[in-house]
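Text of work_25.cif (mmCIF, C-alpha atoms) as supplied:
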```cif
data_protein
loop_
_atom_site.label_atom_id
_atom_site.label_comp_id
_atom_site.auth_asym_id
_atom_site.auth_seq_id
_atom_site.Cartn_x
_atom_site.Cartn_y
_atom_site.Cartn_z
CA MET A 84 270.10 72.01 177.62
CA LYS A 85 267.40 70.97 175.16
CA PRO A 86 268.35 67.81 173.27
CA GLU A 87 268.82 67.85 169.51
CA GLN A 88 268.60 64.09 169.22
CA ILE A 89 267.53 61.03 171.21
CA ILE A 90 269.36 57.76 171.67
CA ILE A 91 267.57 54.80 173.23
CA ILE A 92 269.49 51.97 174.84
CA GLY A 93 267.99 48.80 176.29
CA THR A 94 266.56 45.45 175.42
CA GLY A 95 263.12 43.89 175.05
CA ARG A 96 259.86 45.71 174.59
CA LEU A 97 260.35 48.76 176.82
CA PRO A 98 262.83 50.49 174.47
CA CYS A 99 260.32 49.77 171.68
CA HIS A 100 257.62 51.62 173.60
CA CYS A 101 260.04 54.49 174.19
CA LEU A 102 260.92 54.61 170.49
CA GLU A 103 257.26 54.65 169.51
CA ALA A 104 256.59 57.46 171.99
CA CYS A 105 259.39 59.52 170.44
CA GLN A 106 258.20 59.01 166.87
CA GLY A 107 256.57 61.95 165.14
CA GLY A 108 258.19 64.50 167.40
CA LEU A 109 260.50 67.30 166.32
CA ILE A 110 263.54 65.70 167.89
CA PRO A 111 264.77 62.65 165.99
CA VAL A 112 265.81 59.31 167.41
CA ALA A 113 269.36 59.03 166.09
CA ALA A 114 269.84 55.38 167.08
CA CYS A 115 268.62 52.54 169.23
CA ILE A 116 271.21 50.41 170.93
CA GLU A 117 270.60 46.92 172.21
CA SER A 118 272.97 46.28 175.09
CA GLY A 119 271.89 42.71 175.78
CA SER A 120 270.18 40.13 173.64
CA GLN A 121 269.05 36.52 173.83
CA GLY A 122 268.12 36.35 170.17
CA PHE A 123 264.67 37.81 170.74
CA SER A 124 264.86 41.41 169.61
CA PRO A 125 261.66 43.30 168.95
CA LEU A 126 263.77 46.48 169.00
CA ALA A 127 265.72 45.45 165.88
CA ALA A 128 262.47 44.72 164.05
CA LEU A 129 260.86 48.00 165.07
CA CYS A 130 263.95 49.99 164.04
CA ARG A 131 263.87 48.28 160.64
CA LYS A 132 260.20 49.17 160.26
CA LEU A 133 260.66 52.80 161.28
CA GLY A 134 263.97 53.35 159.49
CA VAL A 135 265.85 54.08 162.73
CA GLU A 136 269.47 53.04 163.04
CA TYR A 137 269.88 49.94 165.23
CA LYS A 138 273.13 48.86 166.85
CA LEU A 139 273.82 45.73 168.83
CA MET A 140 276.63 46.58 171.27
CA LEU A 141 277.42 44.07 173.97
CA ASP A 142 280.89 45.24 174.86
CA ARG A 143 281.38 47.88 177.56
CA LYS A 144 284.35 49.47 175.84
CA THR A 145 282.49 49.81 172.54
CA LEU A 146 279.49 51.29 174.32
CA SER A 147 281.61 53.79 176.22
CA GLY A 148 283.44 54.78 173.05
CA PHE A 149 280.15 55.27 171.24
CA PHE A 150 278.72 57.57 173.89
CA LEU A 151 281.96 59.53 174.25
CA SER A 152 281.92 60.22 170.51
CA ILE A 153 278.63 62.15 170.79
CA HIS A 154 278.98 65.94 170.84
CA LYS A 155 275.46 67.02 169.92
CA PRO A 156 273.07 67.62 172.87
CA THR A 157 271.48 64.23 173.33
CA LEU A 158 268.81 62.71 175.51
CA VAL A 159 269.87 59.15 176.28
CA VAL A 160 266.96 56.95 177.35
CA SER A 161 268.15 53.90 179.23
CA ALA A 162 265.21 51.50 179.13
CA TYR A 163 265.79 48.02 180.55
CA ASN A 164 269.50 48.37 180.00
CA TYR A 165 272.22 46.52 181.88
CA PHE A 166 275.12 48.69 180.70
CA ILE A 167 276.40 50.71 183.65
CA PHE A 168 277.45 54.12 182.36
CA PRO A 169 281.02 54.84 183.46
CA ARG A 170 281.92 58.15 185.07
CA GLU A 171 283.54 59.60 181.95
CA VAL A 172 280.35 59.02 179.95
CA LEU A 173 278.21 60.55 182.69
CA ALA A 174 280.52 63.57 182.71
CA ALA A 175 280.13 64.14 178.96
CA PRO A 176 278.49 67.58 178.67
CA ALA A 177 276.40 66.68 175.62
CA LEU A 178 274.61 63.79 177.29
CA ASN A 179 271.55 63.85 179.52
CA ILE A 180 270.96 60.25 180.60
CA VAL A 181 267.72 59.05 182.17
CA ASN A 182 267.15 55.50 183.32
CA PHE A 183 264.26 53.20 184.18
CA HIS A 184 264.50 51.19 187.37
CA ASN A 185 261.96 48.54 188.37
CA SER A 186 261.37 49.55 191.97
CA LEU A 187 260.54 52.61 194.01
CA LEU A 188 264.03 53.91 194.68
CA PRO A 189 265.78 53.85 197.05
CA ARG A 190 264.18 50.45 197.72
CA HIS A 191 265.92 47.63 195.88
CA ARG A 192 268.63 49.40 193.94
CA GLY A 193 270.65 47.13 191.68
CA ARG A 194 269.54 43.88 190.06
CA ASN A 195 266.38 41.78 190.16
CA ALA A 196 264.36 44.34 192.11
CA PRO A 197 261.02 42.52 191.54
CA THR A 198 262.49 39.48 193.29
CA TRP A 199 263.43 41.51 196.34
CA SER A 200 260.12 43.39 196.47
CA ILE A 201 258.30 40.05 196.63
CA TYR A 202 260.77 38.33 198.94
CA GLU A 203 260.72 41.19 201.42
CA MET A 204 256.90 41.18 201.19
CA ASP A 205 256.62 44.86 200.33
CA ALA A 206 253.00 46.03 200.19
CA ILE A 207 253.80 48.51 197.44
CA THR A 208 256.46 48.50 194.76
CA GLY A 209 256.69 50.37 191.50
CA ILE A 210 258.97 51.99 188.98
CA THR A 211 261.30 54.95 188.88
CA TRP A 212 262.55 57.09 186.00
CA HIS A 213 265.62 58.90 187.26
CA GLN A 214 268.74 60.77 186.24
CA VAL A 215 271.80 58.58 186.03
CA HIS A 216 274.49 59.26 188.60
CA PRO A 217 277.81 57.46 189.05
CA ALA A 218 276.52 55.30 191.91
CA VAL A 219 273.99 52.77 190.60
CA ASP A 220 270.34 53.80 190.92
CA THR A 221 271.01 56.83 193.09
CA GLY A 222 270.17 59.60 190.63
CA ASP A 223 267.52 62.21 191.22
CA VAL A 224 263.98 61.00 190.64
CA ILE A 225 262.02 62.30 187.66
CA LEU A 226 258.89 60.21 188.14
CA GLN A 227 257.78 57.27 190.24
CA LYS A 228 254.66 55.15 189.87
CA GLU A 229 253.41 52.72 192.46
CA ILE A 230 252.24 49.15 191.92
CA ALA A 231 250.29 47.33 194.64
CA LEU A 232 251.89 43.95 195.19
CA ALA A 233 249.37 41.14 194.84
CA GLY A 234 249.86 38.19 197.19
CA ASN A 235 250.24 35.71 194.36
CA VAL A 236 252.37 37.62 191.85
CA THR A 237 255.61 35.98 190.65
CA ALA A 238 258.86 37.76 189.88
CA LEU A 239 258.26 37.26 186.16
CA GLU A 240 254.74 38.68 186.33
CA LEU A 241 255.88 41.65 188.39
CA THR A 242 258.71 42.34 185.96
CA LEU A 243 256.17 42.50 183.14
CA GLN A 244 253.93 44.81 185.17
CA THR A 245 256.81 47.18 185.85
CA LEU A 246 257.62 47.36 182.13
CA GLU A 247 254.03 48.27 181.27
CA VAL A 248 253.91 50.95 183.94
CA ALA A 249 257.32 52.26 182.87
CA ALA A 250 256.18 52.64 179.26
CA ALA A 251 253.16 54.71 180.31
CA ALA A 252 255.28 56.79 182.67
CA PHE A 253 257.81 57.50 179.92
CA LYS A 254 255.08 59.00 177.73
CA GLU A 255 254.19 61.23 180.66
CA ILE A 256 257.69 62.59 181.16
CA LEU A 257 258.83 62.75 177.52
CA PRO A 258 257.54 66.28 176.71
CA SER A 259 259.35 67.77 179.70
CA LEU A 260 262.52 65.80 178.92
CA LEU A 261 262.53 67.22 175.40
CA GLU A 262 261.86 70.74 176.68
CA ASP A 263 264.42 70.32 179.44
CA SER A 264 261.76 71.57 181.79
CA TYR A 265 261.37 68.67 184.19
CA ALA A 266 261.90 68.79 187.94
CA CYS A 267 263.98 66.24 189.80
CA THR A 268 263.82 65.15 193.40
CA PRO A 269 266.84 63.77 195.22
CA VAL A 270 266.32 60.20 196.39
CA GLN A 271 265.30 60.22 200.02
CA ASP A 272 266.85 57.28 201.82
CA ASN A 273 265.07 57.13 205.14
CA GLY A 274 266.76 53.93 206.10
CA ASN A 275 264.61 51.85 203.76
CA GLY A 276 267.09 51.80 200.89
CA SER A 277 268.79 48.60 199.81
CA TYR A 278 271.13 47.38 197.08
CA HIS A 279 271.22 43.94 195.49
CA ARG A 280 273.96 42.53 193.32
CA SER A 281 273.24 40.21 190.41
CA THR A 282 274.76 37.38 192.42
CA ASP A 283 272.52 37.95 195.45
CA VAL A 284 269.83 35.29 195.87
CA PRO A 285 267.03 35.33 198.47
CA ASN A 286 268.16 33.26 201.48
CA ASP A 287 271.01 31.98 199.29
CA GLY A 288 268.42 30.04 197.31
CA LEU A 289 267.57 27.77 200.23
CA PHE A 290 263.97 27.07 201.18
CA ASP A 291 263.39 26.95 204.93
CA PRO A 292 260.68 24.41 205.90
CA GLY A 293 260.23 26.33 209.15
CA TRP A 294 258.80 29.34 207.35
CA ASN A 295 255.09 30.04 207.64
CA ILE A 296 253.10 29.79 204.41
CA PRO A 297 253.05 33.50 203.46
CA ARG A 298 256.83 33.72 203.98
CA ALA A 299 257.46 30.44 202.11
CA HIS A 300 255.17 31.42 199.25
CA ALA A 301 256.87 34.81 198.95
CA PHE A 302 260.26 33.11 198.68
CA LEU A 303 259.04 30.76 195.93
CA ARG A 304 257.37 33.56 193.98
CA ALA A 305 260.43 35.77 194.35
CA MET A 306 262.54 33.05 192.72
CA ASP A 307 259.98 32.37 189.98
CA TYR A 308 260.95 33.74 186.56
CA GLY A 309 259.31 30.87 184.72
CA LYS A 310 261.97 29.23 182.59
CA PHE A 311 264.35 32.16 182.67
CA ASN A 312 267.48 31.06 184.48
CA VAL A 313 267.73 34.20 186.59
CA PHE A 314 268.59 32.10 189.64
CA PRO A 315 269.58 28.49 190.12
CA ALA A 316 266.64 26.30 191.18
CA ALA A 317 265.70 26.81 194.82
CA LYS A 318 267.00 24.10 197.14
CA LEU A 319 265.52 22.28 200.07
CA ARG A 320 267.66 20.43 202.62
CA LEU A 321 265.77 17.75 204.47
CA LEU A 322 266.54 14.37 206.01
CA GLY A 323 270.22 14.82 205.30
CA ARG A 324 269.63 15.30 201.57
CA GLU A 325 269.41 18.24 199.22
CA PHE A 326 266.53 18.52 196.76
CA SER A 327 265.79 20.97 193.96
CA ILE A 328 262.37 22.58 193.99
CA ALA A 329 260.63 21.83 190.70
CA GLY A 330 257.25 23.43 191.32
CA TYR A 331 254.82 24.75 193.87
CA GLN A 332 251.15 25.32 194.32
CA VAL A 333 249.19 27.12 197.01
CA ARG A 334 245.61 26.26 197.89
CA THR A 335 243.60 28.61 200.05
CA ALA A 336 240.55 26.39 200.55
CA ASN A 337 241.01 26.05 204.27
CA PRO A 338 242.47 22.53 204.10
CA GLY A 339 243.95 22.45 207.58
CA ALA A 340 241.20 24.24 209.43
CA SER A 341 241.08 21.98 212.41
CA GLY A 342 244.77 21.51 213.03
CA GLU A 343 247.93 23.30 214.03
CA PRO A 344 250.40 24.39 211.32
CA SER A 345 252.07 21.27 209.98
CA VAL A 346 254.88 20.18 207.68
CA GLU A 347 254.94 16.81 205.90
CA PHE A 348 257.38 15.37 203.39
CA GLU A 349 256.39 12.35 201.37
CA ASN A 350 257.16 11.13 197.84
CA ARG A 351 259.35 14.17 197.23
CA GLN A 352 256.48 16.47 198.02
CA LEU A 353 256.65 18.94 200.87
CA ARG A 354 253.28 19.99 202.26
CA LEU A 355 252.93 23.00 204.56
CA ARG A 356 249.54 23.58 206.12
CA ASP A 357 248.03 26.17 208.36
CA GLN A 358 244.47 27.14 209.15
CA GLU A 359 244.06 29.12 205.95
CA ALA A 360 246.14 27.49 203.26
CA GLU A 361 248.17 24.60 202.01
CA LEU A 362 251.44 24.95 200.11
CA LEU A 363 252.55 21.97 198.04
CA ILE A 364 256.15 21.92 196.89
CA THR A 365 257.37 19.34 194.39
CA CYS A 366 261.03 18.38 194.67
CA LYS A 367 263.41 16.41 192.50
CA MET B 242 247.09 25.03 165.44
CA ASN B 243 244.08 26.86 166.82
CA GLU B 244 245.11 26.06 170.38
CA ILE B 245 248.55 27.62 169.85
CA THR B 246 247.06 30.67 168.16
CA ALA B 247 244.61 31.10 171.03
CA ILE B 248 247.46 30.97 173.56
CA LEU B 249 249.51 33.45 171.53
CA LYS B 250 246.54 35.81 171.47
CA THR B 251 246.33 35.77 175.26
CA ILE B 252 249.97 36.90 175.41
CA ARG B 253 249.89 39.52 172.63
CA PRO B 254 246.20 40.26 171.99
CA GLU B 255 247.01 43.23 169.79
CA VAL B 256 249.03 41.16 167.31
CA ASP B 257 247.68 39.35 164.25
CA PHE B 258 250.04 36.38 164.11
CA SER B 259 248.51 35.14 160.86
CA GLN B 260 250.17 38.07 159.06
CA SER B 261 253.70 37.02 159.99
CA LYS B 262 255.97 34.25 158.78
CA ASP B 263 258.64 35.04 161.35
CA PHE B 264 257.33 35.97 164.80
CA ILE B 265 260.83 36.65 166.14
CA GLY B 266 262.30 38.45 163.13
CA ASP B 267 259.20 40.61 162.92
CA GLY B 268 259.55 41.49 166.59
CA LEU B 269 256.17 40.07 167.61
CA LEU B 270 257.59 38.09 170.54
CA ASP B 271 260.30 39.16 172.94
CA SER B 272 262.03 36.95 175.51
CA PHE B 273 259.38 37.64 178.17
CA ASP B 274 256.62 36.72 175.72
CA VAL B 275 258.40 33.48 174.84
CA VAL B 276 258.89 32.44 178.46
CA THR B 277 255.23 33.26 179.16
CA LEU B 278 254.25 31.27 176.07
CA VAL B 279 256.31 28.27 177.22
CA SER B 280 254.63 28.33 180.64
CA SER B 281 251.21 28.46 178.99
CA LEU B 282 252.07 25.64 176.58
CA ASP B 283 253.42 23.51 179.45
CA LYS B 284 250.23 24.00 181.39
CA HIS B 285 247.82 23.59 178.49
CA PHE B 286 249.45 20.47 177.03
CA GLY B 287 250.68 18.94 180.30
CA ILE B 288 254.32 18.91 179.19
CA SER B 289 257.58 20.50 180.26
CA ILE B 290 259.50 22.26 177.50
CA GLN B 291 263.18 22.26 178.37
CA GLY B 292 265.09 25.51 178.83
CA VAL B 293 267.59 24.51 176.11
CA ASP B 294 264.71 24.54 173.62
CA ILE B 295 263.88 28.18 174.34
CA VAL B 296 265.70 29.50 171.29
CA PRO B 297 264.40 31.80 168.55
CA GLU B 298 264.23 29.14 165.83
CA ASN B 299 261.65 27.16 167.83
CA PHE B 300 259.28 30.13 167.97
CA LYS B 301 259.58 31.39 164.42
CA ASP B 302 256.04 30.47 163.40
CA LEU B 303 253.14 28.17 164.23
CA ALA B 304 254.80 25.20 162.50
CA THR B 305 258.01 25.44 164.56
CA ILE B 306 256.03 25.86 167.79
CA GLU B 307 253.95 22.83 166.85
CA ALA B 308 257.14 20.82 166.17
CA LEU B 309 258.48 21.86 169.57
CA LEU B 310 255.28 20.70 171.23
CA ARG B 311 255.38 17.33 169.50
CA LYS B 312 259.05 16.88 170.42
CA ASN B 313 258.10 17.39 174.07
CA GLY B 314 255.17 15.00 173.94
CA GLY B 315 252.39 17.53 173.40
CA LYS B 316 249.28 16.15 171.69
CA LEU B 317 247.68 18.55 169.24
#
```
Would you kindly transcribe this structure into structure tokens?
Amino acid sequence: MKPEQIIIIGTGRLPCHCLEACQGGLIPVAACIESGSQGFSPLAALCRKLGVEYKLMLDRKTLSGFFLSIHKPTLVVSAYNYFIFPREVLAAPALNIVNFHNSLLPRHRGRNAPTWSIYEMDAITGITWHQVHPAVDTGDVILQKEIALAGNVTALELTLQTLEVAAAAFKEILPSLLEDSYACTPVQDNGNGSYHRSTDVPNDGLFDPGWNIPRAHAFLRAMDYGKFNVFPAAKLRLLGREFSIAGYQVRTANPGASGEPSVEFENRQLRLRDQEAELLITCK
Amino acid sequence: MNEITAILKTIRPEVDFSQSKDFIGDGLLDSFDVVTLVSSLDKHFGISIQGVDIVPENFKDLATIEALLRKNGGKL
């Protein structure tokens, strides 16, 4: 069914890119809905500028009621949105809901996918635009784009990369979404699928001094969202005490070339060395 | 001021911040931009801006960002 209107739901800059992509087309954007906000809302500002209705809806019941009240054929673009569409909304015949997910499904379904891509040391990650099905992040794939995982990328940086790639991918699929002419592929779970809850934390947030440097660095980068409190600070248990990890730095200038891998702890600084690198971890 | 503007330009190179009196209200910075900005300011000025200070009113314009830096010991 070809849509007669578009509704965009999400937060941050990705829904803005989606709104801009939809502008000037024959099918109007009826509203943009922000389903989560920390006071920084470029979507509200863009809607004001473009004269598009903007709604801030944080409550699940209100959101469900809103979507159930729609009877006109509608393309719902879920772009960095944490509202999980309930079954009755997904069953509404007027709605075609597509969602952005920040991994290559079925890898890392659920929350904080960039964290898990880094922590599990995936060589490739990416983004998926997919149909929304009742089980989270299981819908048929519309388009996927790969991102090569750099060995020094943090979870925050990877999140930003996925948003950029997602915006470009949305422009690519939009014409076929509006024409209702796109093809979908069922998600192929060849045993590499995984699901992460919002409460899941890599290694329960505990740094293991026995890790080698690539593993240890991956853990620290996976936990690193800058000053976003996505996870509690990583912990280190050593000498019968528990420390919080305040910072880390990796040097690849061959500092321990002559020796075996080593671990030292002095002045609240943990130093891991191997023949290729040195990882300095500051604790408090 | 120039240092802050230069850092802002690295985060949103396409934006002319001099044309706005309210970076947040005008939608020039989202939460990811602000967290990236804080990391850059920390590094550039050798300070550590506290998470509780990452609120929209501290990033409204160059003057409020400058006040935040001074509060956290940044030397402009």
Could you tell me which residues of chain A sit within 6 Å of chain B when counting only C-alpha atoms, and give me the result as an MDAnalysis selection string? chainID A and resid 95 123 125 128
If we count all atoms listed in the file, what is near Gly276 (chain A) at a cut-off of 8 Å, once residues fewer than 4 positions away on the same chain are taken out, given as a ChimeraX atom specification? /A:188-192,272
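For the file shown, the residue list from the PyMOL selection byres ((chain B and resi 283-287) around 10) reads B:Glu244, B:Ile245, B:Ile248, B:Thr277, B:Leu278, B:Val279, B:Ser280, B:Ser281, B:Leu282, B:Ile288, B:Ser289, B:Ile290, B:Gln291, B:Leu310, B:Asn313, B:Gly314, B:Gly315, B:Lys316, B:Leu317.
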Within 8 Å of Pro285 (chain A), counting only C-alpha atoms, which residues show up once you throw out same-chain ones fewer than 2 positions away? Write them as number ranges by chain, please. A: 199, 202, 283, 287-289, 302, 305-306
Just to be explicit: take each residue in the selection above, keep C-alpha atoms, and write the result as a PDB file, keeping the file's coordinate frame.
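The resulting part-v4.pdb:
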```pdb
ATOM      1  CA  TRP A 199     263.430  41.510 196.340  1.00  0.00           C
ATOM      2  CA  TYR A 202     260.770  38.330 198.940  1.00  0.00           C
ATOM      3  CA  ASP A 283     272.520  37.950 195.450  1.00  0.00           C
ATOM      4  CA  ASP A 287     271.010  31.980 199.290  1.00  0.00           C
ATOM      5  CA  GLY A 288     268.420  30.040 197.310  1.00  0.00           C
ATOM      6  CA  LEU A 289     267.570  27.770 200.230  1.00  0.00           C
ATOM      7  CA  PHE A 302     260.260  33.110 198.680  1.00  0.00           C
ATOM      8  CA  ALA A 305     260.430  35.770 194.350  1.00  0.00           C
ATOM      9  CA  MET A 306     262.540  33.050 192.720  1.00  0.00           C
TER      10      MET A 306
END
```
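For the structure in this document, the set picked by the PyMOL selection byres ((chain A and resi 132) around 12) is Cys99, Leu102, Glu103, Pro125, Leu126, Ala127, Ala128, Leu129, Cys130, Arg131, Leu133, Gly134, Val135, Glu136 and Tyr137 of chain A; Gly266, Asp267 and Gly268 of chain B.
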Nearest to Phe326 (chain A): which of A:Ala301, A:Leu158, A:Ile364, A:Ala249 is it, counting all atoms listed in the file?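 Of A:Ala301, A:Leu158, A:Ile364, A:Ala249, the one nearest Phe326 (chain A), counting all atoms listed in the file, is A:Ile364.
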Between CA of Glu255 (chain B) and CA of Thr305 (chain B) - distance in Å to one decimal: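 That distance, rounded to one decimal, is 21.6 Å.
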Might you pull out every residue within 10 Å of Ala196 (chain A), with all atoms listed in the file counted and same-chain residues fewer than 4 positions away left off, and present them as a list in words? His184, Asn185, Ser186, Leu187, Leu188, Arg190, His191, Arg192, Ser200, Ile201, Tyr202, Thr208, Gly209, Ile210, Ala238, Leu241, Thr242, Ser277, Tyr278, His279, Arg280, Ser281 and Ala305 of chain A
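With the shown file loaded, the PyMOL selection byres ((chain A and resi 168) around 10) picks out Arg143, Leu146, Ser147, Phe150, Ser161, Tyr165, Phe166, Ile167, Pro169, Arg170, Glu171, Val172, Leu173, Ala174, Ile180, Val215, His216, Pro217, Ala218 and Val219 of chain A.
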Mind pulling up the distance from CA of Ala252 (chain A) to CA of Val224 (chain A)?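 Result for CA of Val224 (chain A) versus CA of Ala252 (chain A): 12.5 Å, one decimal.
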Would you mind listing what lies within 7 Å of region 254-269 of chain A as a short mmCIF file (atom, residue, chain, number, x, y, z; two decimals) with C-alpha atoms, in the coordinates of the input, with only C-alpha atoms counted and same-chain residues fewer than 4 positions away left out?
```cif
data_model
loop_
_atom_site.label_atom_id
_atom_site.label_comp_id
_atom_site.auth_asym_id
_atom_site.auth_seq_id
_atom_site.Cartn_x
_atom_site.Cartn_y
_atom_site.Cartn_z
CA MET A 84 270.10 72.01 177.62
CA LYS A 85 267.40 70.97 175.16
CA PRO A 86 268.35 67.81 173.27
CA ALA A 104 256.59 57.46 171.99
CA ASP A 223 267.52 62.21 191.22
CA VAL A 224 263.98 61.00 190.64
CA ILE A 225 262.02 62.30 187.66
CA ALA A 250 256.18 52.64 179.26
#
```
What does the distance from CA of Lys155 (chain A) to CA of Val181 (chain A) come to in Å, to one decimal?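 So the two atoms, CA of Lys155 (chain A) and CA of Val181 (chain A), lie 16.5 Å apart.
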From the list B:Asp294, B:Leu303, B:Ala308, B:Asp263, which residue is nearest Leu249 (chain B) when using only C-alpha atoms? B:Leu303
